[in-house]
Amino acid sequence: MNFFDGHIFSLYDSTPDHQGESRHVPVYYGVQYNHAGRFHFALNHGAVKEYEGAYAFITHPGAFFEYGNFPGETRYHSFLCSHGERIGRYVESGLLPIDLENPVRKIADPDRFLDTMLRIMQLLRRSAPLTPPRAVLLYEDLLLQFHESELAEPRLPAFQEEYFRHLVSEVRHHPQKTWDFTAEAAKRSLTPHHFRRLFKTVAGLPPGQFLIHCRLELAATLLTDSSLSVAAVAELCGIGSEFYFSRLFKERFQLSPLKYRREFPSRRRS
């Protein structure tokens with residue numbers, strides 16, 4: 001079967017707690033996806049812009065890209081890099097867009113976009129060094145989702161966008177507080193469902209999930225930068241139950257809180 005020949009996946013990875021920055025002219029064509037968290041982005045030494053939540057962009061040869069984390073923060077980042085004759089046809093047809101004016105695009109359905117990327121990676125790991133046709137087919141679906149996001153991107157009125165960006169920032173910097181999102185919705189005369197949708201548009205995650213994400217990020221910092229007990233860390237992060245905290249933490253980082261502390265020495269001390 002040679003229907004999908006000419007597409008070579010060069011590099012790929014998905015990291016829920018990604019840290020680091022990239023400054024380079026790419027060799028391959030890459031789909032870069034930020035599922036959650038903040039990142040900065042600049043193209044061809046232009047103005048640096050800040051994004052938070054579910055955004056994707058295409059890296060490609062011939063342009064200088066700068067993107068990465070803010071100091072002390074992590075984010076959920078995934079990427080797929082490719083080359084080959086088929087990629088050239090995608091570029092020529094516009095399926096793989098080279099957009100120097102507005103390269104970063106808000107993703108309309110973040111969970112579906114991430115799931116498609118993870119399914120491609122799973123197929124590649126199982127079939128290496130061969131390229132499975134279904135991985136190529138899913139990649140084309142991923143590019144269609146990228147295009148569809150531009151058409152479906154919700155537009156918040158300026159006053160709502162300002163409010164939600166401020167709220168997202170407050171939650172991110174003070175996750176230990178007791179947050180009542182139902183009350184926040186009522187303040188804005190919004191139904192909980194509508195509030196949740198608008199919040200997710202800005203943050204990339206629903207309010208409850210975003211709050212847990214921020215609390216666990218704070219917990220990871222406290223575990224590595226202090227000698228506090230797990231119970232004390234849980235309480236300082238706004239999670240009253242040590243058992244519940246430990247379960248959430250292990251789901252997020254694939255390590256128990258104590259193992260995480262042993263694996264990652266204090267950043268301050270180092």
# chains A, B, ... in the order shown; residues from 1 in each chain; ligands from 1
>>> residues_around(residues="range 171-178 of chain A", least_positions_apart="5", cutoff="7 Å", atoms="only C-alpha atoms", output="number ranges by chain")
A: 211, 214-215, 236-238
>>> write_last_selection(atoms="N, CA and C atoms", output="compact mmCIF listing (two decimals), in the first residue's frame")
# COMPACT_ATOMS: atom_id res chain seq x y z
N LEU A 211 -8.20 25.30 37.61
CA LEU A 211 -7.84 25.54 39.00
C LEU A 211 -6.99 24.39 39.55
N CYS A 214 -3.49 24.61 38.14
CA CYS A 214 -2.68 25.65 38.79
C CYS A 214 -2.28 25.24 40.20
N ARG A 215 -3.18 24.59 40.93
CA ARG A 215 -2.85 24.14 42.28
C ARG A 215 -1.73 23.09 42.27
N LEU A 236 -1.63 24.25 51.66
CA LEU A 236 -1.22 25.54 51.10
C LEU A 236 -1.69 25.71 49.66
N CYS A 237 -1.95 24.59 48.99
CA CYS A 237 -2.43 24.65 47.60
C CYS A 237 -3.95 24.72 47.50
N GLY A 238 -4.61 24.66 48.65
CA GLY A 238 -6.07 24.75 48.64
C GLY A 238 -6.77 23.42 48.51
>>> select_by_dssp(residues="range 62-259 of chain A", states="alpha helix (DSSP H)", output="MDAnalysis selection string")
chainID A and resid 85:93 110:127 133:152 158:173 181:187 192:203 207:225 230:236 242:253 257:259
>>> atom_distance(atom1="CA of Asp13 in chain A", atom2="CA of Leu80 in chain A")
7.0 Å
>>> closest_residue(among="A:Phe39, A:Ala186, A:Ser226, A:Phe57", to="Pro71 in chain A", atoms="only C-alpha atoms")
A:Phe39
>>> closest_atom_pairs(of="range 95-150 of chain A", to="range 41-54 of chain A", cutoff="10 Å", atoms="only C-alpha atoms", output="tab-separated table")
residue	atom	partner	partner_atom	distance
A:Leu100	CA	A:Leu43	CA	7.7
A:Glu101	CA	A:Leu43	CA	9.3
A:Asn102	CA	A:Leu43	CA	9.9
A:Pro103	CA	A:Leu43	CA	8.5
A:Val104	CA	A:Phe41	CA	8.4
A:Arg105	CA	A:Ala54	CA	8.7
A:Lys106	CA	A:Ala54	CA	6.1
A:Ile107	CA	A:Ala54	CA	5.6
A:Ala108	CA	A:Ala54	CA	8.1
A:Asp109	CA	A:Ala54	CA	8.6
A:Pro110	CA	A:Ala54	CA	5.9
A:Asp111	CA	A:Ala54	CA	9.2
A:Phe113	CA	A:Ala54	CA	9.3
A:Leu114	CA	A:Ala54	CA	9.5
>>> closest_residue(among="A:Gly88, A:Pro61, A:Gly37, A:Pro157", to="Glu73 in chain A", atoms="only C-alpha atoms")
A:Gly37
>>> closest_residue(among="A:Ala220, A:Glu242, A:Gly68, A:Thr201", to="His40 in chain A", atoms="only C-alpha atoms")
A:Gly68
>>> select_by_dssp(residues="range 38-120 of chain A", states="strand (DSSP E or B)", output="count of residues only")
30
>>> residues_around(residues="range 230-234 of chain A", least_positions_apart="5", cutoff="12 Å", atoms="only C-alpha atoms", output="MDAnalysis selection string")
chainID A and resid 175:176 212 215:225 239:249 256:261
>>> atom_distance(atom1="CA of Pro133 in chain A", atom2="CA of Gln145 in chain A")
18.7 Å
>>> atom_distance(atom1="CA of Gly6 in chain A", atom2="CA of Ile120 in chain A")
16.3 Å
>>> residues_around(residues="Ile58 in chain A", least_positions_apart="2", cutoff="9 Å", atoms="only C-alpha atoms", output="PyMOL selection string")
chain A and resi 29-33+56+60+96-99+103-104
>>> write_last_selection(atoms="C-alpha atoms", output="PDB file, in the first residue's frame")
ATOM      1  CA  TYR A  29       7.660  21.264   9.249  1.00  0.00           C
ATOM      2  CA  GLY A  30       6.167  21.060  12.716  1.00  0.00           C
ATOM      3  CA  VAL A  31       2.707  21.224  14.252  1.00  0.00           C
ATOM      4  CA  GLN A  32       3.324  22.805  17.662  1.00  0.00           C
ATOM      5  CA  TYR A  33       0.432  22.619  20.116  1.00  0.00           C
ATOM      6  CA  ALA A  56      -1.265  25.815  17.789  1.00  0.00           C
ATOM      7  CA  HIS A  60       8.743  25.603   9.036  1.00  0.00           C
ATOM      8  CA  LEU A  96      -0.254  22.967   5.733  1.00  0.00           C
ATOM      9  CA  PRO A  97      -0.497  26.762   6.023  1.00  0.00           C
ATOM     10  CA  ILE A  98       2.591  28.966   6.082  1.00  0.00           C
ATOM     11  CA  ASP A  99       1.135  32.091   7.664  1.00  0.00           C
ATOM     12  CA  PRO A 103       0.743  32.101  12.646  1.00  0.00           C
ATOM     13  CA  VAL A 104      -0.716  31.279  16.089  1.00  0.00           C
TER      14      VAL A 104
END
